[in-house]
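Heads up, the thing below is written out as structure tokens.
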Amino acid sequence: MLQLGGTVIGSARCKDFRTREGRMKAACNLVKLGITNLCVIGGDGSLTGANQFRTEWSGLLDDLVRAGKITEEGAKKSSHLNIVGMVGSIDNDFCGTDMTIGTDSALHRIIEVVDAIATTAQSHQRTFILEVMGRHCGYLALVTALACGADWVFIPEMPPDDGWENHLCRRLTDQRTRGSRLNVIIVAEGAMSRDVRENLVTDSLGFDTRTTVLGHVQRGGTPSAFDRILGSRMGVEAVMALLEATPDTPACVVSLSGNQAVRLPLMECVQVVRQNIFFTNTSDFTYVSFENNWNTYKLLAHINPPDVKSNINVAIMNIGAPCAGMNAAVRAAVRMGIIQGHSMLAVHDGFDGLAHGQVTPITWTSVSGWTGKGGSALGTKRTLPAKLLEEISHNIAKFNIHALVIIGGFEAYVGALELVQAREKYEEMCIPMVVIPATVSNNVPGSDFSIGADTALNTITSTCDRIKQSAAGTKRRVFIVETMGGYCGYLATMAGLAAGADAAYIFEEKFNIKDLQVNVEHLVEKMKTTVKRGLILRNENCNANYTTDLIFNLYSEEGKGVFDCRKNVLGHMQQGGTPTPFDRNFATKMGANLLCIVLTEHFRFLCPLGRIFANSQDSACLLGMRKRALTFQPLNELKEDTDFEHRIPKTQWWLKIRPIMKILAKYDIKLDTSEHTDMEHVIQKRRP
């Protein structure tokens, strides 16, 4: 079921349930079936109904007893109804969760259409107006605008200012003057009439304009890897909440906060939504996130450079293996730097390029259209700077570089540490440096997520879907799939959860021949059921002796007569492709934030000779996502949490959710419930 969109158990907008008589019928059915625990998956309407149902439960039972439809004994056995809600809505419009189930998949559908339309719009020099869903919430429209670099976005939360018509026409004209062959306008369906906008652009500017209404295509299709994992995690948390519930426990909603599952009181959430108040959980993250998205979009889309230049040169480079989203981060950093009056420099081919003087100015228009491009447009190499320090210091002085932005994987982190260490000998290295983690492996300390990992995860998941489909016809077949990640098992674990794997072998969780034997026996038993296929994932460096070939041969031998085996090494396809909406949005916000916060702070230390001298601990830091917020951490402080030999962090949050994969694969193991989620509360904040 994992790869299926929609819902296999069906869904409906039930008018009967809006009446007390309808809710009495529902209560009668639950009592007769002996059901006292209910998990409701839906949007604010479904969860509002669930909240009312729970509130009226005792009264409904009394009415049913009086009507003779249930016995007093039956009512006593069902005296308490435990309800847990999970938010399934593409609008991402419910209280207290960073992301609702279905939103990421809807963004995938939208971005696929936007990318396709962009090619035809460029060919014909057209303006396209795309209407996306969101009658009362503009989340889809706003994130789409960020992810595709749209020229304008209309959302219900932010009505356009007076005189917006002239501003829009000026904006579109400026883009064409700078050489752009297309214009994209994103509109949330609840913002305003699309006819008004199309007529404005056509009549005022004479631009060839087309309107596309995406409609229900946004609700369909295969769920993204993010939504599969989110749904799986929320489902587990919902059952745990029901099992831990007592008669005094309020009904709750299970939601996502950063990378953590949280529980919020259902009644509070419903009240907030119904009062049309913008919502957030205890960290204030949802409100801040929406506002940050809006502010970031306005800055990056509408160029308004200051009249006075700062005389500061900021260099940007990519280090390590390429990944999707690198270009989006470069674009955001370049444009944010230009907005602040800085001169931006592109370093081509990493530290090699910096050592050999491959440094060129990079402008606003240079990075147009980079958000949706995969790979690294600047060029990237794995070379570390230790043997090139003399040349690098010379070119930092030659090009008068005042700050360095390093976007890349573990090599970027280690390379920046080497530059910091070289400050004792080379004064030129005493400039602000910021590392932005960008790698499919997600193995950089200091950040829960890396740019590019989500795109790679979706590539692996979609490939596994196809592999499983091929096995559906042949029956009794087990696939061994090798994933990237170096020594980090993030991709193997998350892809295993998203694709419904039977096992995922990783370096962080040691395994031996007995574990392999248990897995084979499990598959032998599985072949006796209706699901006659198996999927095993193996991280490329999980074990030097238990190689992919050895595991393939072992499974082939032990499964003789029961199942046959095939192996797939996915290789570099995991580093390619266009970035997912998550990676585009994440990279854009990372690139924009680094210049806004850290580097600007250190530019105060500009020396009289035009140089910047910065050698404090926080002058070289890593910008990462920690739980609920973007944080800056000094590189030297991260060394304690780094396993340099195996190029992974010593603590990794995702290891705690590995048991879910085994439970869902029907292994007989226990879930550690020692760290249970406490109930949080909703903080109300008016819509901006």
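Here's how to read the names in the structure tokens: chain A, B, ... by the order shown, residue numbers from 1 in each chain, ligand numbers from 1 in the order shown.
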| task | Name the residues in contact with Ala332 in chain A at a cut-off of 8 Å, using only C-alpha atoms, excluding same-chain residues fewer than 3 positions from it; report them as a ChimeraX atom specification. | result | /A:300,328-329,335-336,587-592
| message | as number ranges by chain, please: the residues near Cys464 in chain A (cut-off 9 Å, only C-alpha atoms, same-chain neighbours under 6 positions excluded). | response | A: 481, 495, 499, 501, 535
| message | Show me, as a list in words, the residues that have an atom within 6 Å of Ala147 in chain A when counting only C-alpha atoms, minus same-chain residues fewer than 4 positions from it. | response |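 The residues that qualify are Val143, Pro581, Arg584 and Asn585 of chain A.
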I'd like the neighbourhood of Gly409 in chain A as an mmCIF file with C-alpha atoms, in the first residue's frame, where a residue qualifies if any of its atoms comes within 12 Å (using only C-alpha atoms), though same-chain residues fewer than 2 positions away should be ignored.
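Below is the file out-v4.cif, written as the result:
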```
data_model
loop_
_atom_site.group_PDB
_atom_site.id
_atom_site.type_symbol
_atom_site.label_atom_id
_atom_site.label_comp_id
_atom_site.auth_asym_id
_atom_site.auth_seq_id
_atom_site.Cartn_x
_atom_site.Cartn_y
_atom_site.Cartn_z
ATOM 1 C CA MET A 317 32.070 27.507 -3.741
ATOM 2 C CA ASN A 318 30.822 23.918 -3.919
ATOM 3 C CA ILE A 319 32.890 21.125 -2.341
ATOM 4 C CA GLY A 320 32.545 17.327 -2.505
ATOM 5 C CA ALA A 321 30.232 15.204 -4.615
ATOM 6 C CA PRO A 322 27.445 17.032 -6.500
ATOM 7 C CA CYS A 323 23.872 16.853 -5.267
ATOM 8 C CA MET A 326 23.408 23.027 -4.518
ATOM 9 C CA GLY A 350 36.138 23.884 -5.287
ATOM 10 C CA THR A 380 32.720 20.752 -7.472
ATOM 11 C CA LYS A 381 35.650 18.545 -6.425
ATOM 12 C CA ARG A 382 36.559 16.474 -3.380
ATOM 13 C CA THR A 383 40.057 18.007 -3.053
ATOM 14 C CA LEU A 384 40.864 19.244 0.458
ATOM 15 C CA ILE A 406 31.291 26.669 1.385
ATOM 16 C CA ILE A 407 28.379 24.528 0.184
ATOM 17 C CA GLU A 411 34.689 17.410 2.579
ATOM 18 C CA ALA A 412 33.299 20.951 2.915
ATOM 19 C CA TYR A 413 33.208 20.563 6.704
ATOM 20 C CA VAL A 414 36.717 19.064 6.934
ATOM 21 C CA GLY A 415 38.097 21.556 4.396
ATOM 22 C CA ALA A 416 36.732 24.495 6.396
ATOM 23 C CA VAL A 435 29.514 25.782 5.719
ATOM 24 C CA ILE A 436 26.120 24.747 4.332
ATOM 25 C CA PRO A 437 25.704 20.933 4.369
ATOM 26 C CA ALA A 438 24.805 19.627 0.909
ATOM 27 C CA THR A 439 25.238 15.904 0.334
ATOM 28 C CA VAL A 440 23.056 12.911 -0.485
ATOM 29 C CA SER A 441 24.640 11.044 2.445
ATOM 30 C CA ASN A 442 23.265 13.398 5.142
ATOM 31 C CA ASN A 443 26.428 12.739 7.148
ATOM 32 C CA VAL A 444 27.543 16.253 8.137
ATOM 33 C CA PRO A 445 27.547 16.917 11.909
ATOM 34 C CA GLY A 446 25.579 19.898 13.142
ATOM 35 C CA SER A 447 22.507 19.388 10.972
ATOM 36 C CA PHE A 449 19.211 17.310 7.266
ATOM 37 C CA SER A 450 21.492 18.039 4.327
ATOM 38 C CA ILE A 451 20.550 19.607 1.009
ATOM 39 C CA GLY A 452 20.233 16.863 -1.608
ATOM 40 C CA ALA A 453 19.336 13.980 0.712
ATOM 41 C CA GLY A 485 25.820 7.093 1.846
ATOM 42 C CA GLY A 486 29.427 6.140 2.619
ATOM 43 C CA LEU A 622 28.086 25.558 10.103
ATOM 44 C CA ARG A 647 32.870 10.492 8.192
ATOM 45 C CA ILE A 648 29.653 10.483 10.224
#
```
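Nearest residue to Val262 in chain A among A:Val405, A:Lys627, A:Asp454, A:Glu73 is A:Lys627, counting only C-alpha atoms.
Here CA of Leu242 in chain A stands at a distance of 17.9 Å from CA of Ala27 in chain A.
The two atoms in question, CA of Asp643 in chain A and CA of Thr483 in chain A, are spaced 20.7 Å apart.
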Near range 508-522 of chain A, 10 Å: range 526-587 of chain A residue rows, closest pairs, only C-alpha atoms, as a tab-separated table:
```
residue	atom	partner	partner_atom	distance
A:Lys526	CA	A:His522	CA	6.2
A:Met527	CA	A:His522	CA	8.9
A:Gly534	CA	A:His522	CA	9.8
A:Ile536	CA	A:Asn519	CA	9.2
A:Cys542	CA	A:Glu508	CA	7.6
A:Asn543	CA	A:Lys510	CA	8.3
A:Tyr546	CA	A:Asn512	CA	8.5
A:Ile551	CA	A:Leu516	CA	8.2
A:Leu554	CA	A:Leu516	CA	8.6
A:Tyr555	CA	A:Val520	CA	6.5
A:Ser556	CA	A:Val520	CA	9.7
A:Glu558	CA	A:Val520	CA	7.1
A:Gly559	CA	A:Val520	CA	7.2
```
| field | Val65 in chain A surroundings by only C-alpha atoms, 10 Å radius, close-in-sequence under 5 positions cut, as a VMD selection string | value | chain A and resid 28 59 to 60 70 to 75
Requested write-out: N, CA and C atoms of the selected residues, as a PDB file, in the first residue's frame:
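Below is the file selection-v4.pdb, written as the result:
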```
ATOM      1  N   CYS A  28     -23.387   3.925  18.007  1.00  0.00           N
ATOM      2  CA  CYS A  28     -24.023   2.610  18.123  1.00  0.00           C
ATOM      3  C   CYS A  28     -23.175   1.537  17.441  1.00  0.00           C
ATOM      4  N   GLY A  59     -23.120  11.475  26.364  1.00  0.00           N
ATOM      5  CA  GLY A  59     -24.524  11.785  26.069  1.00  0.00           C
ATOM      6  C   GLY A  59     -25.088  10.887  24.981  1.00  0.00           C
ATOM      7  N   LEU A  60     -24.276  10.567  23.989  1.00  0.00           N
ATOM      8  CA  LEU A  60     -24.730   9.688  22.915  1.00  0.00           C
ATOM      9  C   LEU A  60     -25.038   8.291  23.450  1.00  0.00           C
ATOM     10  N   ILE A  70     -28.688  -0.028  22.560  1.00  0.00           N
ATOM     11  CA  ILE A  70     -27.578  -0.739  23.199  1.00  0.00           C
ATOM     12  C   ILE A  70     -27.969  -1.025  24.640  1.00  0.00           C
ATOM     13  N   THR A  71     -27.312  -2.002  25.249  1.00  0.00           N
ATOM     14  CA  THR A  71     -27.606  -2.341  26.641  1.00  0.00           C
ATOM     15  C   THR A  71     -26.774  -1.463  27.575  1.00  0.00           C
ATOM     16  N   GLU A  72     -27.193  -1.422  28.838  1.00  0.00           N
ATOM     17  CA  GLU A  72     -26.419  -0.663  29.822  1.00  0.00           C
ATOM     18  C   GLU A  72     -25.037  -1.279  30.010  1.00  0.00           C
ATOM     19  N   GLU A  73     -24.991  -2.603  29.901  1.00  0.00           N
ATOM     20  CA  GLU A  73     -23.697  -3.283  30.026  1.00  0.00           C
ATOM     21  C   GLU A  73     -22.771  -2.887  28.872  1.00  0.00           C
ATOM     22  N   GLY A  74     -23.350  -2.810  27.660  1.00  0.00           N
ATOM     23  CA  GLY A  74     -22.554  -2.396  26.502  1.00  0.00           C
ATOM     24  C   GLY A  74     -22.062  -0.970  26.649  1.00  0.00           C
ATOM     25  N   ALA A  75     -22.934  -0.115  27.192  1.00  0.00           N
ATOM     26  CA  ALA A  75     -22.544   1.282  27.407  1.00  0.00           C
ATOM     27  C   ALA A  75     -21.440   1.389  28.447  1.00  0.00           C
TER      28      ALA A  75
END
```
| request: Point out the residue among A:Gln260, A:Thr103, A:Asn29, A:Gln125 with the least atom-to-atom distance to Arg210 in chain A, counting only C-alpha atoms. | output: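 Answer, going by the shortest atom-to-atom distance: A:Gln125.
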| message | From a backbone DSSP assignment, name each residue in range 58-301 of chain A labelled strand (DSSP E or B), as a PyMOL selection string. | response | chain A and resi 82-88+101+127-132+152-155+158+183-188+209-213+252-257+260-265+278-280
| Which of these, A:Leu2, A:Leu671, A:Glu237, A:Lys650, has the shortest distance to Thr461 in chain A once you count only C-alpha atoms? |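 Of all the options, A:Leu2 lies closest to Thr461 in chain A.
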Could the residues of range 349-388 of chain A that have an atom at most 9 Å from range 574-577 of chain A be listed as JSON lines, each with its closest atom pair and the distance in Å to one decimal, counting only C-alpha atoms and ordered by chain and ascending residue number?
```
{"residue": "A:Lys373", "atom": "CA", "partner": "A:Gly577", "partner_atom": "CA", "distance": 8.2}
{"residue": "A:Gly374", "atom": "CA", "partner": "A:Gly577", "partner_atom": "CA", "distance": 5.6}
{"residue": "A:Gly375", "atom": "CA", "partner": "A:Gly576", "partner_atom": "CA", "distance": 6.4}
```
| field | Counting only C-alpha atoms, the residue of A:Thr48, A:Ile117, A:Asn183, A:Asn92 that sits nearest Glu268 in chain A | value |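 Nearest candidate to Glu268 in chain A out of A:Thr48, A:Ile117, A:Asn183, A:Asn92: A:Thr48.
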